[in-house]
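> My structure is in start_14.pdb, and what it holds is PDB, C-alpha atoms:
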```
ATOM      1  CA  MET A 230     -14.014  18.295  16.996
ATOM      2  CA  ASP A 231     -11.299  20.009  14.954
ATOM      3  CA  THR A 232     -12.871  21.321  11.746
ATOM      4  CA  ASP A 233      -9.948  20.210   9.574
ATOM      5  CA  TRP A 234     -10.127  16.693  11.005
ATOM      6  CA  GLU A 235     -13.881  16.573  10.481
ATOM      7  CA  LYS A 236     -13.552  17.787   6.895
ATOM      8  CA  LEU A 237     -10.835  15.225   6.239
ATOM      9  CA  LEU A 238     -13.010  12.326   7.373
ATOM     10  CA  LYS A 239     -16.124  13.573   5.576
ATOM     11  CA  SER A 240     -14.234  13.922   2.295
ATOM     12  CA  HIS A 241     -13.520  10.176   2.189
ATOM     13  CA  PRO A 242     -16.343   8.985  -0.116
ATOM     14  CA  ALA A 243     -18.104   5.629  -0.056
ATOM     15  CA  VAL A 244     -16.556   4.599  -3.375
ATOM     16  CA  LYS A 245     -13.078   5.150  -1.910
ATOM     17  CA  LYS A 246     -13.991   3.202   1.206
ATOM     18  CA  GLU A 247     -15.133   0.369  -1.047
ATOM     19  CA  TRP A 248     -11.787   0.427  -2.871
ATOM     20  CA  ASP A 249      -9.892   0.464   0.455
ATOM     21  CA  ALA A 250     -11.917  -2.543   1.621
ATOM     22  CA  THR A 251     -10.408  -4.611  -1.193
ATOM     23  CA  TYR A 252      -6.973  -4.419   0.435
ATOM     24  CA  PRO A 253      -6.690  -5.196   4.183
ATOM     25  CA  TRP A 254      -3.272  -3.496   4.271
ATOM     26  CA  ILE A 255      -4.795  -0.262   2.939
ATOM     27  CA  ARG A 256      -8.018  -0.424   4.960
ATOM     28  CA  TYR A 257      -6.581  -1.311   8.353
ATOM     29  CA  VAL A 258      -3.115   0.265   8.239
ATOM     30  CA  ALA A 259      -2.243   2.686   5.427
ATOM     31  CA  ARG A 260      -5.514   4.649   5.364
ATOM     32  CA  PRO A 261      -5.933   5.023   9.163
ATOM     33  CA  VAL A 262      -2.283   6.126   9.396
ATOM     34  CA  SER A 263      -2.757   8.576   6.516
ATOM     35  CA  PHE A 264      -5.484  10.609   8.222
ATOM     36  CA  PRO A 265      -3.370  12.023  11.102
ATOM     37  CA  ILE A 266      -0.486  12.634   8.675
ATOM     38  CA  SER A 267      -2.848  14.469   6.303
ATOM     39  CA  TRP A 268      -4.156  16.511   9.251
ATOM     40  CA  ALA A 269      -0.572  17.404  10.238
ATOM     41  CA  PHE A 270       0.205  18.416   6.635
ATOM     42  CA  ARG A 271      -2.808  20.730   6.646
ATOM     43  CA  LYS A 272      -1.829  22.296   9.955
ATOM     44  CA  ALA A 273       1.699  22.855   8.608
ATOM     45  CA  GLY A 274       0.320  24.634   5.540
ATOM     46  CA  LEU A 275       1.196  21.760   3.194
ATOM     47  CA  GLY A 276      -1.114  20.299   0.549
ATOM     48  CA  ALA A 277      -1.590  17.507  -1.959
ATOM     49  CA  ASN A 278       1.253  18.707  -4.200
ATOM     50  CA  HIS A 279       3.716  18.474  -1.310
ATOM     51  CA  ALA A 280       2.575  14.908  -0.588
ATOM     52  CA  THR A 281       3.023  14.092  -4.290
ATOM     53  CA  ILE A 282       6.605  15.407  -4.215
ATOM     54  CA  LEU A 283       7.334  13.202  -1.220
ATOM     55  CA  THR A 284       5.955  10.116  -2.984
ATOM     56  CA  VAL A 285       8.138  10.952  -6.005
ATOM     57  CA  LEU A 286      11.218  11.087  -3.789
ATOM     58  CA  LEU A 287      10.302   7.814  -2.069
ATOM     59  CA  GLY A 288       9.791   6.128  -5.438
ATOM     60  CA  PHE A 289      13.152   7.270  -6.805
ATOM     61  CA  ALA A 290      14.922   6.353  -3.561
ATOM     62  CA  SER A 291      13.580   2.794  -3.678
ATOM     63  CA  VAL A 292      15.340   1.906  -6.956
ATOM     64  CA  PRO A 293      19.052   2.188  -5.998
ATOM     65  CA  LEU A 294      18.362   0.783  -2.536
ATOM     66  CA  LEU A 295      16.647  -2.321  -3.939
ATOM     67  CA  ALA A 296      19.486  -2.793  -6.441
ATOM     68  CA  SER A 297      22.234  -2.451  -3.806
ATOM     69  CA  GLY A 298      22.509  -6.148  -2.940
ATOM     70  CA  VAL A 299      22.898  -5.238   0.748
ATOM     71  CA  LYS A 300      20.105  -6.789   2.786
ATOM     72  CA  ALA A 301      19.531  -3.810   5.095
ATOM     73  CA  TRP A 302      19.573  -1.314   2.236
ATOM     74  CA  MET A 303      17.243  -3.469   0.132
ATOM     75  CA  ALA A 304      14.819  -3.657   3.040
ATOM     76  CA  ALA A 305      15.057   0.145   3.304
ATOM     77  CA  GLY A 306      14.176   0.385  -0.393
ATOM     78  CA  ALA A 307      11.162  -1.848   0.161
ATOM     79  CA  LEU A 308      10.194   0.313   3.131
ATOM     80  CA  CYS A 309      10.243   3.323   0.787
ATOM     81  CA  LEU A 310       7.563   1.568  -1.262
ATOM     82  CA  VAL A 311       5.552   0.870   1.880
ATOM     83  CA  LEU A 312       5.785   4.539   2.852
ATOM     84  CA  TYR A 313       4.872   5.446  -0.715
ATOM     85  CA  THR A 314       1.560   3.631  -0.182
ATOM     86  CA  VAL A 315       0.878   5.643   2.959
ATOM     87  CA  PHE A 316       1.778   8.991   1.412
ATOM     88  CA  ASP A 317      -0.193   8.141  -1.714
ATOM     89  CA  CYS A 318      -3.185   7.908   0.636
ATOM     90  CA  VAL A 319      -2.155  11.248   2.178
ATOM     91  CA  ASP A 320      -2.002  12.775  -1.298
ATOM     92  CA  GLY A 321      -5.532  11.566  -2.032
ATOM     93  CA  ASP A 322      -6.851  12.655   1.376
ATOM     94  CA  LEU A 323      -5.608  16.207   0.898
ATOM     95  CA  ALA A 324      -6.723  16.426  -2.734
ATOM     96  CA  ARG A 325     -10.278  15.413  -1.839
ATOM     97  CA  ALA A 326     -10.596  17.552   1.292
ATOM     98  CA  TRP A 327      -8.770  20.600  -0.082
ATOM     99  CA  PRO A 328      -8.662  20.298  -3.893
ATOM    100  CA  GLU A 329      -7.106  23.746  -4.230
ATOM    101  CA  THR A 330      -3.852  22.328  -2.766
ATOM    102  CA  GLY A 331      -3.433  19.957  -5.718
ATOM    103  CA  SER A 332      -3.113  20.340  -9.466
ATOM    104  CA  PRO A 333      -3.504  18.302 -12.685
ATOM    105  CA  ALA A 334       0.283  18.103 -12.886
ATOM    106  CA  GLY A 335       0.396  16.749  -9.336
ATOM    107  CA  GLN A 336      -2.196  14.121 -10.213
ATOM    108  CA  PHE A 337      -0.112  13.117 -13.231
ATOM    109  CA  TRP A 338       2.986  12.757 -11.061
ATOM    110  CA  GLY A 339       1.008  10.722  -8.548
ATOM    111  CA  GLU A 340      -0.123   8.299 -11.236
ATOM    112  CA  LEU A 341       3.395   8.146 -12.716
ATOM    113  CA  VAL A 342       5.072   7.362  -9.410
ATOM    114  CA  GLY A 343       2.641   4.476  -8.987
ATOM    115  CA  HIS A 344       4.644   2.685 -11.659
ATOM    116  CA  PHE A 345       7.508   2.312  -9.185
ATOM    117  CA  TYR A 346       5.465  -0.610  -7.874
ATOM    118  CA  LEU A 347       5.951  -2.254 -11.259
ATOM    119  CA  ILE A 348       9.591  -1.408 -11.939
ATOM    120  CA  CYS A 349      10.776  -2.317  -8.427
ATOM    121  CA  TYR A 350      11.094  -5.935  -9.583
ATOM    122  CA  ILE A 351      13.884  -4.932 -11.992
ATOM    123  CA  PRO A 352      16.392  -3.568  -9.422
ATOM    124  CA  LEU A 353      15.343  -6.272  -6.982
ATOM    125  CA  GLY A 354      16.122  -9.001  -9.520
ATOM    126  CA  LEU A 355      19.417  -7.348 -10.489
ATOM    127  CA  SER A 356      20.548  -7.355  -6.861
ATOM    128  CA  PHE A 357      20.466 -11.181  -6.780
ATOM    129  CA  GLY A 358      22.364 -11.756 -10.054
ATOM    130  CA  GLU A 359      21.542 -14.492 -12.563
ATOM    131  CA  PRO A 360      18.970 -15.880 -13.220
ATOM    132  CA  TRP A 361      17.015 -13.466 -11.023
ATOM    133  CA  ALA A 362      18.265 -10.497 -13.047
ATOM    134  CA  ALA A 363      16.120 -11.755 -15.939
ATOM    135  CA  PHE A 364      13.138 -12.579 -13.729
ATOM    136  CA  GLY A 365      12.689  -8.991 -12.532
ATOM    137  CA  PRO A 366      12.191  -7.428 -16.006
ATOM    138  CA  ALA A 367       9.954 -10.372 -16.970
ATOM    139  CA  ILE A 368       7.630  -9.618 -14.042
ATOM    140  CA  THR A 369       7.498  -5.936 -14.952
ATOM    141  CA  ALA A 370       6.801  -6.747 -18.604
ATOM    142  CA  CYS A 371       3.972  -9.134 -17.690
ATOM    143  CA  LYS A 372       2.372  -6.590 -15.388
ATOM    144  CA  LEU A 373       2.619  -3.782 -17.953
ATOM    145  CA  LEU A 374       1.109  -6.018 -20.650
ATOM    146  CA  THR A 375      -1.709  -6.964 -18.279
ATOM    147  CA  ILE A 376      -2.453  -3.295 -17.604
ATOM    148  CA  ASN A 377      -2.330  -2.540 -21.336
ATOM    149  CA  ILE A 378      -4.813  -5.324 -22.185
ATOM    150  CA  ARG A 379      -7.269  -4.006 -19.598
ATOM    151  CA  HIS A 380      -6.811  -0.447 -20.830
ATOM    152  CA  ASN A 381      -7.300  -1.399 -24.491
ATOM    153  CA  PHE A 382     -10.464  -3.351 -23.708
ATOM    154  CA  TRP A 383     -12.080  -0.487 -21.809
ATOM    155  CA  GLU A 384     -10.972   2.075 -24.381
ATOM    156  CA  THR A 385     -12.425   0.123 -27.317
ATOM    157  CA  LEU A 386     -15.227  -2.027 -25.898
ATOM    158  CA  GLY A 387     -15.874  -0.628 -22.433
ATOM    159  CA  GLY A 388     -18.968   1.304 -23.503
ATOM    160  CA  LEU A 389     -20.510  -1.725 -25.184
ATOM    161  CA  TRP A 390     -19.714  -3.896 -22.187
ATOM    162  CA  GLU A 391     -21.444  -1.487 -19.811
ATOM    163  CA  GLN A 392     -24.503  -1.387 -22.085
ATOM    164  CA  SER A 393     -24.606  -5.169 -22.251
ATOM    165  CA  LYS A 394     -24.661  -5.486 -18.457
ATOM    166  CA  LYS A 395     -27.840  -3.406 -18.259
ATOM    167  CA  ALA A 396     -29.645  -5.859 -20.524
ATOM    168  CA  SER A 397     -28.587  -8.956 -18.591
ATOM    169  CA  ALA A 398     -28.490 -10.485 -15.134
ATOM    170  CA  TYR A 399     -24.757  -9.878 -14.900
ATOM    171  CA  GLU A 400     -23.480  -9.449 -11.345
ATOM    172  CA  PRO A 401     -20.133  -7.683 -10.906
ATOM    173  CA  SER A 402     -17.479  -9.369  -8.792
ATOM    174  CA  THR A 403     -16.433  -6.165  -7.034
ATOM    175  CA  GLY A 404     -16.412  -6.669  -3.280
ATOM    176  CA  LYS A 405     -16.718 -10.461  -3.398
ATOM    177  CA  TRP A 406     -14.157 -12.628  -1.638
ATOM    178  CA  HIS A 407     -12.564 -14.012  -4.814
ATOM    179  CA  TYR A 408     -12.223 -10.456  -6.195
ATOM    180  CA  LYS A 409     -10.326  -9.421  -3.055
ATOM    181  CA  VAL A 410      -8.104 -12.508  -3.104
ATOM    182  CA  TYR A 411      -7.252 -11.928  -6.773
ATOM    183  CA  TYR A 412      -6.239  -8.282  -6.331
ATOM    184  CA  ASN A 413      -4.277  -8.889  -3.134
ATOM    185  CA  LEU A 414      -2.260 -11.562  -4.950
ATOM    186  CA  THR A 415      -1.681  -9.683  -8.200
ATOM    187  CA  ASP A 416      -1.577  -6.005  -7.198
ATOM    188  CA  PRO A 417       1.598  -4.896  -5.353
ATOM    189  CA  GLN A 418      -0.521  -2.449  -3.327
ATOM    190  CA  GLY A 419      -2.064  -5.477  -1.637
ATOM    191  CA  HIS A 420       1.124  -7.178  -0.478
ATOM    192  CA  ILE A 421       4.039  -4.712  -0.759
ATOM    193  CA  PHE A 422       4.100  -4.351   3.047
ATOM    194  CA  LEU A 423       5.487  -7.906   3.215
ATOM    195  CA  LEU A 424       8.577  -7.125   1.111
ATOM    196  CA  PRO A 425      10.770  -5.443   3.804
ATOM    197  CA  LEU A 426      10.157  -8.366   6.156
ATOM    198  CA  LEU A 427      10.839 -10.965   3.457
ATOM    199  CA  LEU A 428      14.091  -9.266   2.439
ATOM    200  CA  LEU A 429      15.321  -9.059   6.020
ATOM    201  CA  ALA A 430      14.445 -12.741   6.500
ATOM    202  CA  GLY A 431      16.366 -13.698   3.346
ATOM    203  CA  PHE A 432      13.371 -14.631   1.191
ATOM    204  CA  GLY A 433      13.893 -12.083  -1.571
ATOM    205  CA  ARG A 434      14.587 -14.712  -4.246
ATOM    206  CA  GLU A 435      11.476 -16.638  -3.280
ATOM    207  CA  PHE A 436       9.469 -13.417  -3.539
ATOM    208  CA  ILE A 437      10.779 -12.878  -7.081
ATOM    209  CA  ALA A 438      10.017 -16.470  -8.099
ATOM    210  CA  VAL A 439       6.460 -16.415  -6.736
ATOM    211  CA  SER A 440       5.861 -12.967  -8.237
ATOM    212  CA  LEU A 441       6.959 -14.194 -11.672
ATOM    213  CA  ALA A 442       4.640 -17.210 -11.511
ATOM    214  CA  ILE A 443       1.709 -15.011 -10.455
ATOM    215  CA  ALA A 444       2.469 -12.354 -13.085
ATOM    216  CA  CYS A 445       2.620 -14.920 -15.914
ATOM    217  CA  ALA A 446      -0.595 -16.614 -14.774
ATOM    218  CA  ASP A 447      -2.331 -13.239 -14.421
ATOM    219  CA  LEU A 448      -1.293 -12.165 -17.920
ATOM    220  CA  ALA A 449      -2.694 -15.366 -19.409
ATOM    221  CA  PHE A 450      -5.900 -15.062 -17.392
ATOM    222  CA  ILE A 451      -6.501 -11.407 -18.302
ATOM    223  CA  LEU A 452      -5.853 -12.065 -21.995
ATOM    224  CA  VAL A 453      -8.307 -14.978 -22.154
ATOM    225  CA  PHE A 454     -10.828 -13.207 -19.904
ATOM    226  CA  HIS A 455     -11.017 -10.097 -22.086
ATOM    227  CA  LEU A 456     -10.998 -12.066 -25.334
ATOM    228  CA  LEU A 457     -14.033 -13.978 -24.058
ATOM    229  CA  ARG A 458     -15.712 -10.733 -23.047
ATOM    230  CA  ALA A 459     -15.072  -9.294 -26.509
ATOM    231  CA  ARG A 460     -16.497 -12.452 -28.097
ATOM    232  CA  LYS A 461     -19.638 -12.231 -25.962
ATOM    233  CA  ILE A 462     -20.189  -8.633 -26.973
ATOM    234  CA  GLY A 463     -19.762  -9.466 -30.654
ATOM    235  CA  SER A 464     -21.766 -12.689 -30.732
ATOM    236  CA  LYS A 465     -24.726 -11.431 -28.718
ATOM    237  CA  LYS A 466     -24.726  -7.816 -29.935
ATOM    238  CA  GLY A 467     -23.922  -6.464 -26.517
ATOM    239  CA  GLN A 468     -25.823  -8.979 -24.373
ATOM    240  CA  VAL A 469     -23.818 -10.769 -21.739
ATOM    241  CA  LEU A 470     -24.238 -14.557 -21.672
TER     242      LEU A 470
END
```
Would you encode the structure as structure tokens?

Amino acid sequence: MDTDWEKLLKSHPAVKKEWDATYPWIRYVARPVSFPISWAFRKAGLGANHATILTVLLGFASVPLLASGVKAWMAAGALCLVLYTVFDCVDGDLARAWPETGSPAGQFWGELVGHFYLICYIPLGLSFGEPWAAFGPAITACKLLTINIRHNFWETLGGLWEQSKKASAYEPSTGKWHYKVYYNLTDPQGHIFLLPLLLLAGFGREFIAVSLAIACADLAFILVFHLLRARKIGSKKGQVL
């Protein structure tokens, strides 16, 4: 077996496999496709930073294409986001197998480009005119607020929450069927592969409408969910009910 190929496969840890398993699109398509691409990058003398640059270019390219209002071009913009998912996997593959080919700056860019998933709703909504032009920014705002609520909770109460779980019979939802359904509905990484097909079939407006309903419901759920967690921590001094 080729040593580079063997090293590539061995560098994919169990925790990453568990994350991949949450998203069928990642587990069965994007990740398997990423391995031969990562191998080809290595053979060509390219590393994680080069994959990061490519994801940056794909992210930037998606915005004007999605905003064009031309069905074929919009589908091409959505395809850029699909390819971004694949090359994001390539970036991670190379960084884990050959960490010397990456850098902290490259990791920062990789995380930053991930936000193209969130802002893609803005140009997509603009391409359809009113009222969809307002729906796109609303989806992005809801998703950013949802991320911020999660981040604030873990920054301020995450340590206490982890301590409380040790003193209780709490069972995490990670890996359970409802956990997977939730993230595939709310996280663009779970369903972005559908967007090119939906745009070509003329269902872009329906995608925006459904995405807005899901984003609003998710924001409300996450707010209430973390408020209840914070209350449990405070009322039981760190013991989960």
> Report the distance between atom CA of A:Ala280 and atom CA of A:Val299 in Å, rounded to one decimal place.
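These atoms are spaced 28.6 Å apart.
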> Do you know which residues are at most 9 Å from stretch 406-421 of chain A counting all atoms listed in the file, after dropping those on the same chain fewer than 2 positions away, and could you put them as a VMD selection string?
chain A and resid 250 to 255 307 to 308 310 to 311 314 346 to 347 372 402 to 404 423 to 425 440 443 to 444 447
> Applying 12 Å and all atoms listed in the file, which residues near A:Phe432 remain after dropping the ones on its own chain fewer than 6 positions away? List them as a PDB file with C-alpha atoms, in the coordinates of the input.

```
ATOM      1  CA  LYS A 300      20.105  -6.789   2.786  1.00  0.00           C
ATOM      2  CA  MET A 303      17.243  -3.469   0.132  1.00  0.00           C
ATOM      3  CA  ALA A 304      14.819  -3.657   3.040  1.00  0.00           C
ATOM      4  CA  LEU A 353      15.343  -6.272  -6.982  1.00  0.00           C
ATOM      5  CA  PHE A 357      20.466 -11.181  -6.780  1.00  0.00           C
ATOM      6  CA  LEU A 423       5.487  -7.906   3.215  1.00  0.00           C
ATOM      7  CA  LEU A 424       8.577  -7.125   1.111  1.00  0.00           C
ATOM      8  CA  PRO A 425      10.770  -5.443   3.804  1.00  0.00           C
ATOM      9  CA  LEU A 426      10.157  -8.366   6.156  1.00  0.00           C
ATOM     10  CA  ALA A 438      10.017 -16.470  -8.099  1.00  0.00           C
ATOM     11  CA  VAL A 439       6.460 -16.415  -6.736  1.00  0.00           C
TER      12      VAL A 439
END
```
> Output as lines of an AutoDock Vina configuration file the centre and edge lengths (Å, one decimal) of the box along x, y and z of the file that holds every listed atom of stretch 347-351 of chain A after adding 8 Å on each side.

```
center_x = 9.9
center_y = -3.7
center_z = -10.2
size_x = 23.9
size_y = 20.5
size_z = 19.6
```
> Report as a compact mmCIF listing (two decimals) with C-alpha atoms, in the coordinates of the input the full result of the PyMOL selection byres ((chain A and resi 282) around 12) when it is applied to this structure.

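File written: selection_18.txt
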```
# COMPACT_ATOMS: atom_id res chain seq x y z
CA LEU A 275 1.20 21.76 3.19
CA GLY A 276 -1.11 20.30 0.55
CA ALA A 277 -1.59 17.51 -1.96
CA ASN A 278 1.25 18.71 -4.20
CA HIS A 279 3.72 18.47 -1.31
CA ALA A 280 2.58 14.91 -0.59
CA THR A 281 3.02 14.09 -4.29
CA LEU A 283 7.33 13.20 -1.22
CA THR A 284 5.96 10.12 -2.98
CA VAL A 285 8.14 10.95 -6.00
CA LEU A 286 11.22 11.09 -3.79
CA LEU A 287 10.30 7.81 -2.07
CA GLY A 288 9.79 6.13 -5.44
CA PHE A 289 13.15 7.27 -6.80
CA TYR A 313 4.87 5.45 -0.72
CA PHE A 316 1.78 8.99 1.41
CA ASP A 317 -0.19 8.14 -1.71
CA VAL A 319 -2.15 11.25 2.18
CA ASP A 320 -2.00 12.78 -1.30
CA GLY A 331 -3.43 19.96 -5.72
CA ALA A 334 0.28 18.10 -12.89
CA GLY A 335 0.40 16.75 -9.34
CA GLN A 336 -2.20 14.12 -10.21
CA PHE A 337 -0.11 13.12 -13.23
CA TRP A 338 2.99 12.76 -11.06
CA GLY A 339 1.01 10.72 -8.55
CA LEU A 341 3.40 8.15 -12.72
CA VAL A 342 5.07 7.36 -9.41
```
> On this structure, which residues satisfy the PyMOL selection byres ((chain A and resi 233) around 10), written as a PyMOL selection string?
chain A and resi 230-232+234-239+267-269+271-272+326-327
> Between A:Ala243, A:Leu389, A:Cys371, A:Val315, single out the one closest to A:Ala446, counting only C-alpha atoms.
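Smallest separation from A:Ala446 among the options: A:Cys371.
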> Would you work out the distance separating atom CA of A:Phe345 from atom CA of A:Ala305, expressed in Å to one decimal?
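That distance, rounded to one decimal, is 14.8 Å.
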> Closest to A:Ala430 among A:Ala459, A:Ala442, A:Ala301, A:Ala370, using only C-alpha atoms?
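Residue with the minimum atom-to-atom distance to A:Ala430: A:Ala301.
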> Could you state the separation of atom CA of A:Ala296 and atom CA of A:Gly354 in Å, given to one decimal place?
7.7 Å
> Taking (-18.6, -1.6, -22.3) as a centre in this file's frame and 12 Å as the limit, can you find every polymer residue with an atom that close, using only C-alpha atoms, and give them as a list in words?
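So the residues meeting the distance criterion are Arg379, His380, Asn381, Phe382, Trp383, Glu384, Thr385, Leu386, Gly387, Gly388, Leu389, Trp390, Glu391, Gln392, Ser393, Lys394, Lys395, Ala396, His455, Arg458, Ala459, Lys461, Ile462, Gly463, Lys466, Gly467, Gln468 and Val469 of chain A.
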> Would you mind telling me which residue in A:Pro328, A:Pro352, A:Gly358, A:Pro366 lies nearest to A:Gly306 when using all atoms listed in the file?
A:Pro352
> Determine, counting only C-alpha atoms, every residue of protein, DNA or RNA that lies within 6 Å of (11.9, 1.2, -9.4) in the file coordinates, then give the result as a ChimeraX atom specification.
/A:292,345,348-349
> From the list A:Cys318, A:Ile437, A:Leu427, A:Ile378, which residue is nearest A:Leu452 when using all atoms listed in the file?
A:Ile378
> Just checking: using all atoms listed in the file, which residue out of A:Ala362, A:Val244, A:Leu312, A:Leu428 ends up closest to A:Ala259?
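Under the stated criterion, the closest residue is A:Leu312.
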> Give the answer as one residue: which of A:Leu456, A:Ile266, A:Leu429, A:Cys445 has the shortest atom-to-atom distance to A:Gly321, using only C-alpha atoms?
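Nearest to A:Gly321: A:Ile266.
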> Take stretch 416-441 of chain A, bring it up to N, CA and C atoms, and give me the output as a CSV table (one decimal), in the coordinates of the input.

```csv
chain,number,residue,atom,x,y,z
A,416,ASP,N,-1.9,-7.4,-7.3
A,416,ASP,CA,-1.6,-6.0,-7.2
A,416,ASP,C,-0.6,-5.7,-6.1
A,417,PRO,N,0.6,-5.2,-6.4
A,417,PRO,CA,1.6,-4.9,-5.4
A,417,PRO,C,1.1,-4.1,-4.2
A,418,GLN,N,0.1,-3.2,-4.4
A,418,GLN,CA,-0.5,-2.4,-3.3
A,418,GLN,C,-1.1,-3.3,-2.2
A,419,GLY,N,-1.5,-4.6,-2.6
A,419,GLY,CA,-2.1,-5.5,-1.6
A,419,GLY,C,-1.1,-6.2,-0.7
A,420,HIS,N,0.2,-6.4,-1.2
A,420,HIS,CA,1.1,-7.2,-0.5
A,420,HIS,C,2.5,-6.6,-0.3
A,421,ILE,N,2.7,-5.3,-0.8
A,421,ILE,CA,4.0,-4.7,-0.8
A,421,ILE,C,4.6,-4.6,0.7
A,422,PHE,N,3.7,-4.5,1.7
A,422,PHE,CA,4.1,-4.4,3.0
A,422,PHE,C,4.9,-5.6,3.5
A,423,LEU,N,4.8,-6.7,2.8
A,423,LEU,CA,5.5,-7.9,3.2
A,423,LEU,C,6.9,-7.9,2.8
A,424,LEU,N,7.3,-7.1,1.7
A,424,LEU,CA,8.6,-7.1,1.1
A,424,LEU,C,9.7,-6.8,2.1
A,425,PRO,N,9.7,-5.7,2.9
A,425,PRO,CA,10.8,-5.4,3.8
A,425,PRO,C,11.1,-6.6,4.7
A,426,LEU,N,10.0,-7.2,5.2
A,426,LEU,CA,10.2,-8.4,6.2
A,426,LEU,C,10.8,-9.6,5.4
A,427,LEU,N,10.3,-9.8,4.2
A,427,LEU,CA,10.8,-11.0,3.5
A,427,LEU,C,12.3,-10.8,3.1
A,428,LEU,N,12.7,-9.5,2.8
A,428,LEU,CA,14.1,-9.3,2.4
A,428,LEU,C,15.0,-9.4,3.7
A,429,LEU,N,14.5,-8.9,4.8
A,429,LEU,CA,15.3,-9.1,6.0
A,429,LEU,C,15.5,-10.5,6.4
A,430,ALA,N,14.4,-11.3,6.1
A,430,ALA,CA,14.4,-12.7,6.5
A,430,ALA,C,15.2,-13.6,5.5
A,431,GLY,N,15.6,-13.0,4.4
A,431,GLY,CA,16.4,-13.7,3.3
A,431,GLY,C,15.5,-14.4,2.3
A,432,PHE,N,14.3,-14.0,2.1
A,432,PHE,CA,13.4,-14.6,1.2
A,432,PHE,C,13.1,-13.8,-0.1
A,433,GLY,N,14.1,-12.9,-0.4
A,433,GLY,CA,13.9,-12.1,-1.6
A,433,GLY,C,13.8,-12.9,-2.9
A,434,ARG,N,14.6,-13.9,-3.0
A,434,ARG,CA,14.6,-14.7,-4.2
A,434,ARG,C,13.2,-15.5,-4.4
A,435,GLU,N,12.8,-16.0,-3.3
A,435,GLU,CA,11.5,-16.6,-3.3
A,435,GLU,C,10.4,-15.7,-3.7
A,436,PHE,N,10.5,-14.4,-3.2
A,436,PHE,CA,9.5,-13.4,-3.5
A,436,PHE,C,9.5,-13.2,-5.0
A,437,ILE,N,10.7,-13.1,-5.6
A,437,ILE,CA,10.8,-12.9,-7.1
A,437,ILE,C,10.2,-14.1,-7.8
A,438,ALA,N,10.5,-15.3,-7.4
A,438,ALA,CA,10.0,-16.5,-8.1
A,438,ALA,C,8.5,-16.6,-8.1
A,439,VAL,N,7.9,-16.4,-6.9
A,439,VAL,CA,6.5,-16.4,-6.7
A,439,VAL,C,5.8,-15.3,-7.5
A,440,SER,N,6.4,-14.1,-7.5
A,440,SER,CA,5.9,-13.0,-8.2
A,440,SER,C,5.9,-13.2,-9.7
A,441,LEU,N,6.9,-13.9,-10.2
A,441,LEU,CA,7.0,-14.2,-11.7
A,441,LEU,C,5.9,-15.2,-12.1
```
